[in-house]
Every structure is written in C-alpha cells, then in structure tokens.
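This report refers to the structure that appears directly beneath it.
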Amino acid sequence: MFEDFRNKTQQEDGMIFPSNIYRKIVLQPAYEEAKKNFLTIMLQINIAHLKMLEEQGLVKKEEAKQIGAALKKIDLNYYRLEDYSPQYEDLFFRIENKLIELAGDVAGNLHIGRSRNDMGIAIYRMTLRQKLLLLMRELLTLRDDLIAAAEEHVDTIMIGYTHTQQAQPTTFAHYLKAVIDQLERDFERMQHVYKTVNRSSMGAAALTTTGFNINRERMRHLLAFDDIIENAWDAVAGADYIAEAASIVQLAALNLGRTSQDFLLWATQEFNAFTLASPYVQISSIMPQKRNPVSIEHTRSLLSAVVGDASTVLQMVHNTPFGDIVDTEDDMQPYLWRAIDRLVGIYKLFGSLVVTMDVNKKKLRNRAENSFANVTELADTLVRSEDISFRQAHSIVSKCIKVLLAHSEESLASLTWGLVNTQSKLITGKELNISEEDFYKTLQPESFVGVRTLPGGPAPATMKAALEHAKMNTKNLYEWIQLKESSIIEAEKELTIFLEEWSQ
C-alpha cells in the first residue's frame with residue numbers, strides 16, 4: 001500500500017532535483033523575484049570581484065580581460081524575460097553557465113574566494129539599501145507637505161483630544177508639527193538601519209572566509225558599502241539587518257496609521273474638520289449625498305498591510321538556525337520589499353490629500369470657543385489673579401462646570417463671571433479680583449493658545465519658529481540621502497569603466 005503512494009508521488013513530482021512541487025512553490029517564485037531585482041546588482045558584484053581578483057594577482061590580466069569581455073556580453077534584458085528553467089537551480093548558476101559558455105573554463109575562476117552565501121547576502125543588502133533610500137526620500141516629501149500645511153494653519157484653532165475626549169484648544173499646525181516630528185524620528189531610525197544594512201559580506205565565502213588572499217576592504221569600496229561585516233559567520237548568518245529594517249518599517253506604518261485614524265474620524269460629517277478634494281473621495285452608487293473618504297480608508301488599511309508584511313518577516317526569522325540564511329531570505333525579502341513599496345505609495349497619497357484638502361477653520365474655531373476645553377487656562381488665570389493654589393482654582397472651575405451640566409448647560413457661553421465668583425466665595429471665602437473683561441478674554445481659545453509660548457507649545461510665534469527650524473533641518477536630511485546615493489552612483493560608474501576596459 002505504501003509503495004503505491006510512493007510510486008504515485010514519484011510519477012507526479014519527478015525523480016530528480018528539483019521536484020515539481022519544490023520548483024513550483026520555492027525555486028520558481030525565487031527566480032522571478034531575482035530576475036526582477038538582482039540582475040544588475042549581480043553583474044556589479046561580478047565586475048567588482050573580478051577586478052579585485054585581478055588586482056590581487058589571483059587571476060591573470062589576460063584571464064580578467066577574457067572574463068570581463070564575457071560579462072559585457074551578458075544580455076540582462078534576455079534574463080529578465082526568460083522563465084525559470086529547472087536545468088539551473090537559480091539565477092546565479094544560469095549566469096555562471098552562460099559566462100563559461102562565452103569565456104570558456106577560465107570563467108570558473110570568477111568564483112575564487114567567494115560563495116553564493118556571501119554573494120547572496122551582498123545582493124540582498126544592496127537591493128534593500130536602494131529601497132530604503134527611496135522610502136526615505138518619499139518620507140521627506142511627505143514631511144515637506146506637512147510643513148507647508150502646518151504653516152498655512154498656524155492660526156487655525158481646533159480642539160485637541162486626550163482619551164478621545166475634548167481636552168484643550170490648540171491649532172491644526174500644532175497637531176501637524178507633532179506628526180512632522182514623528183516622521184523625523186522615523187527618518188532617524190531609517191538612517192540607523194541603513195548603516196546596519198550597508199555593510200559588505202563579500203569575502204566571508206561560505207562561512208569561514210577563504211585561503212585565497214582576497215581583499216575584503218577593496219570589495220567594500222567597489223560596491224559602495226560603508227563597512228564590512230567583520231565576522232564571516234555573522235556575515236552569512238546574521239539576519240538582524242532585515243529584522244531591524246522590518247521593525248522600523250512596521251513602526252513607521254504604525255505611526256502614520258494613528259494619524260490616518262484621526263483623519264478618518266475628522267472626515268465624518270459629525271466632526272467636519274475638513275473637506276477632501278474631489279480626486280480623493282468616491283461617490284456612493286445609491287446615496288447622492290455621500291462623499292466617501294476612500295483615500296484615507298485605503299491609507300489606513302494599506303498601513304495595516306505594511307505592518308502585517310513586516311511582521312511576517314520577523315516571524316520567518318524567528319527560530320531560524322544561526323547558519324546560512326540565504327535560502328530563507330529568498331522567502332523573506334519579498335515581504336519586506338512589498339511593505340516598503342506600499343509605504344512609499346502611502347506617503348505620496350497622504351501628502352497629496354493633506355495639501356489639497358480644505359480645512360473648515362470657522363467650524364473648528366467655533367467648536368473650540370463653545371467647548372469647556374478652554375477652562376484649563378481659566379484655572380491657571382485664577383492662580384495668578386486671586387493668589388490661590390492651583391488645586392483651589394481647579395476646584396472652583398470644576399464646581400462651576402458641574403453646576404452648568406446639572407442645568408443641561410453644555411456651552412462655555414453659559415460660564416459667567418458671576419457663577420465663578422459665587423464658587424470662589426464658597427471655596428476660598430473671597431470674591432474674585434479679576435475683572436469681567438479679563439475673565440471673558442481668558443475664555444477665548446486664541447488667548448488659551450497665545451499664552452502657550454513655551455517650546456513645543458501652539459502659540460503662533462512659537463509654532464512659526466518651530467516650523468522654520470524644521471525647514472532648515474530639511475537641507476541636512478536631503479544631503480544625507482544625496483551623499484549615500486552619490487556614493488552608490490560613483491561606484492557603479494567605476495565598475496562600468498572596468499567593464500569597458502576589459503572589453504577593448
């Protein structure tokens with residue numbers, strides 16, 4: 001009976017490597033990702049390694065020229081279009097086979113002092129650094145959009161919320177500046193992970209380096225890595241660089257997700273904080289009055305997808321043996337790439353909808369004016385004007401609010417100087433010193449915001465200075481990206497020159 005199952009499986013799945021099912025669910029998907037993402041980088045590593053071998057005298061100049069000419073003949077577009085062939089385990093072997101076909105057996109020397117392990121890790125890291133730089137650029141574009149929006153709304157009064165309840169008056173600029181600062185921390189985390197990612201594994205070979213006198217530092221330079229991974233075992237086994245990248249991408253999505261949730265709530269007719277521009281809303285097929293904020297809805301759900309894909313990467317690393325991680329990374333990397341690509345698109349979408357939406361300034365201001373959220377400043381003012389403790393002032397104002405609510409008065413307009421004076425006499429035994437004019441001025445949301453001039457506060461002058469500082473820092477952030485991009489571009493130009501010299 002068992003033999004029947006064995007024979008049936010062998011007939012369906014084949015008798016030689018790779019089995020049909022292994023090819024279908026492992027090798028073919030990995031090949032498709034490799035030909036989309038790795039071909040150019042694989043060629044660059046081959047050129048760099050050949051140049052290093054030539055300089056170290058491990059291949060003769062004539063051999064280097066012969067192999068280099070073969071590298072020049074590799075048609076990358078051909079491999080981008082070709083389907084997976086079980087004749088070759090992966091893209092590396094397919095390219096190597098072609099090089100030997102073009103240059104002869106001498107092309108086999110291109111693999112002196114290296115393994116698919118250290119080469120594969122280098123490919124992954126070079127691919128990931130490019131995606132990180134793209135993500136960081138788009139983050140800064142979103143940051144620019146939010147700074148512009150914040151400058152427009154320095155005087156846009158709104159209520160700030162804690163515990164989902166009305167808390168204190170502030171400005172829309174104050175809220176946006178908090179998001180801007182959070183984005184800057186996301187950027188700093190990406191800078192750190194870039195440093196972790198941009199380290200060379202080349203020279204680690206399979207696990208223990210090699211007996212050939214190769215030059216690891218030269219490979220680092222030729223491939224625009226910032227450093228080498230010193231321990232060869234760590235170079236091929238350490239997967240924390242991808243875990244760190246997944247973690248910061250996940251956190252960036254979680255951060256923006258909280259803001260998107262606020263925006264979705266504020267887009268309701270009950271809040272009516274802003275009106276999205278027409279390109280970012282969808283009309284109901286049956287309800288003519290509906291303007292569905294689908295751009296924010298999809299932002300929120302796609303951010304959750306980013307969190308999920310990043311979490312998948314972390315789960316795949318979990319309990320993976322501390323050995324060669326290359327084959328496992330074939331499965332992991334696409335999840336991280338998808339998370340990054342989605343986050344890039346979300347940054348673009350969110351920035352666009354923010355700078356094109358119309359904020360309902362008058363409604364937000366009126367809501368703040370009539371809200372009890374202003375009374376924190378009244379308590380503060382009573383401390384100054386009445387020479388009483390804050391706890392006494394807090395008690396006076398609290399009692400007044402309870403009296404109003406008991407009489408179903410839910411507007412700040414019902415809070416009078418007389419009511420506060422009555423409660424002051426009951427609690428402190430003293431009448432108010434503050435004039436009625438100053439009393440009612442204190443209850444205005446502009447007054448509340450205007451006195452909060454400390455660093456981090458919403459007062460217009462303070463906020464303008466904070467936004468100006470953020471704009472000044474923008475130059476430094478872009479320069480950092482440009483420095484990294486330029487380093488990569490210069491290295492690629494140098495490799496191209498080597499290839500041309502070999503081909504002459």
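Scheme for the structure tokens: letters A, B, ... for chains in order shown; per-chain residue numbers from 1; ligand numbers from 1 in order shown.
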
Would you write out, as JSON lines, a table of all residues in range 283-340 of chain A that have an atom no more than 9 Å from an atom of range 346-360 of chain A, listing for each the closest atom pair and the distance in Å to one decimal, considering only C-alpha atoms and ordering rows by chain and rising residue number?
{"residue": "A:Ser295", "atom": "CA", "partner": "A:Leu349", "partner_atom": "CA", "distance": 7.6}
{"residue": "A:Ile296", "atom": "CA", "partner": "A:Phe350", "partner_atom": "CA", "distance": 7.7}
{"residue": "A:His298", "atom": "CA", "partner": "A:Ile346", "partner_atom": "CA", "distance": 8.9}
{"residue": "A:Thr299", "atom": "CA", "partner": "A:Ile346", "partner_atom": "CA", "distance": 6.2}
{"residue": "A:Leu302", "atom": "CA", "partner": "A:Ile346", "partner_atom": "CA", "distance": 7.6}
{"residue": "A:Leu303", "atom": "CA", "partner": "A:Ile346", "partner_atom": "CA", "distance": 7.6}

Would you write out those residues with all heavy atoms, as an mmCIF file, in the first residue's frame?
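Okay, out_12.cif is ready:
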data_model
loop_
_atom_site.group_PDB
_atom_site.id
_atom_site.type_symbol
_atom_site.label_atom_id
_atom_site.label_comp_id
_atom_site.auth_asym_id
_atom_site.auth_seq_id
_atom_site.Cartn_x
_atom_site.Cartn_y
_atom_site.Cartn_z
ATOM 1 N N SER A 295 -9.718 57.597 0.138
ATOM 2 C CA SER A 295 -8.257 57.722 0.165
ATOM 3 C C SER A 295 -7.724 57.503 1.577
ATOM 4 O O SER A 295 -6.675 56.863 1.765
ATOM 5 C CB SER A 295 -7.841 59.100 -0.353
ATOM 6 O OG SER A 295 -8.509 60.129 0.356
ATOM 7 N N ILE A 296 -8.435 58.009 2.566
ATOM 8 C CA ILE A 296 -8.000 57.807 3.952
ATOM 9 C C ILE A 296 -8.290 56.375 4.393
ATOM 10 O O ILE A 296 -7.480 55.754 5.097
ATOM 11 C CB ILE A 296 -8.702 58.793 4.904
ATOM 12 C CG1 ILE A 296 -8.529 60.228 4.410
ATOM 13 C CG2 ILE A 296 -8.134 58.660 6.317
ATOM 14 C CD1 ILE A 296 -9.250 61.261 5.252
ATOM 15 N N HIS A 298 -8.312 53.672 2.561
ATOM 16 C CA HIS A 298 -7.311 52.770 1.987
ATOM 17 C C HIS A 298 -5.930 53.018 2.603
ATOM 18 O O HIS A 298 -5.140 52.082 2.750
ATOM 19 C CB HIS A 298 -7.270 52.921 0.470
ATOM 20 C CG HIS A 298 -8.427 52.278 -0.225
ATOM 21 N ND1 HIS A 298 -8.603 50.911 -0.271
ATOM 22 C CD2 HIS A 298 -9.496 52.808 -0.875
ATOM 23 C CE1 HIS A 298 -9.709 50.627 -0.937
ATOM 24 N NE2 HIS A 298 -10.279 51.765 -1.310
ATOM 25 N N THR A 299 -5.656 54.263 2.940
ATOM 26 C CA THR A 299 -4.401 54.548 3.643
ATOM 27 C C THR A 299 -4.325 53.736 4.924
ATOM 28 O O THR A 299 -3.309 53.099 5.228
ATOM 29 C CB THR A 299 -4.302 56.056 3.967
ATOM 30 O OG1 THR A 299 -4.177 56.788 2.752
ATOM 31 C CG2 THR A 299 -3.106 56.344 4.859
ATOM 32 N N LEU A 302 -4.043 49.891 4.091
ATOM 33 C CA LEU A 302 -2.745 49.546 3.496
ATOM 34 C C LEU A 302 -1.615 49.663 4.516
ATOM 35 O O LEU A 302 -0.651 48.901 4.465
ATOM 36 C CB LEU A 302 -2.468 50.430 2.280
ATOM 37 C CG LEU A 302 -3.331 50.133 1.046
ATOM 38 C CD1 LEU A 302 -3.083 51.161 -0.047
ATOM 39 C CD2 LEU A 302 -3.068 48.726 0.513
ATOM 40 N N LEU A 303 -1.731 50.616 5.427
ATOM 41 C CA LEU A 303 -0.744 50.696 6.505
ATOM 42 C C LEU A 303 -0.795 49.441 7.369
ATOM 43 O O LEU A 303 0.238 48.947 7.828
ATOM 44 C CB LEU A 303 -0.982 51.945 7.350
ATOM 45 C CG LEU A 303 -0.533 53.259 6.707
ATOM 46 C CD1 LEU A 303 -1.102 54.458 7.452
ATOM 47 C CD2 LEU A 303 0.983 53.355 6.638
#

Backbone-only DSSP, strand (DSSP E) members of range 254-313 of chain A, as a count of residues only: 6

Show which residues sit within 7 Å of range 52-66 of chain A, as a list of chain:residue names. Count only C-alpha atoms, and ignore same-chain residues fewer than 2 positions away. A:Ala48, A:His49, A:Leu50, A:Gly68, A:Ala69, A:Ala70, A:Ala103, A:Val106, A:Ile214, A:Asn215, A:Arg218, A:Met219, A:Trp502, A:Ser503

If we count only C-alpha atoms, what is near range 187-195 of chain A at a cut-off of 9 Å, once residues fewer than 3 positions away on the same chain are taken out, given as an MDAnalysis selection string? chainID A and resid 128:129 132:133 135:136 139:140 182:184 198:199 226:227 241:242 244:245 248:249 252 477 480

Please measure the separation of CA of Asn374 in chain A and CA of Phe448 in chain A, giving the value in Å to one decimal. 6.7 Å

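Shortest atom-to-atom contact with Phe372 in chain A among A:Ser414, A:Thr496, A:Asn37, A:Asn77: A:Ser414, counting only C-alpha atoms.
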
Might you pull out every residue within 10 Å of Tyr88 in chain A, with only C-alpha atoms counted and same-chain residues fewer than 5 positions away left off, and present them as a list in words?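 With the cut-off at 10 Å, the set is Pro18, Leu27, Phe93, Arg94, Ile95, Glu96 and Asn97 of chain A.
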
Report as a PyMOL selection string: the residues of range 197-391 of chain A with a DSSP assignment of alpha helix (DSSP H), based on the backbone of this structure. chain A and resi 197+216-222+232-237+240-266+294-317+326-356+361-369+375-386+390-391

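The space separating CA of Tyr440 in chain A from CA of Asp155 in chain A comes to 20.1 Å.
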
Between CA of Ile396 in chain A and CA of Glu436 in chain A, measure the distance and give it in Å to one decimal.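 Distance reported for this atom pair: 16.3 Å.
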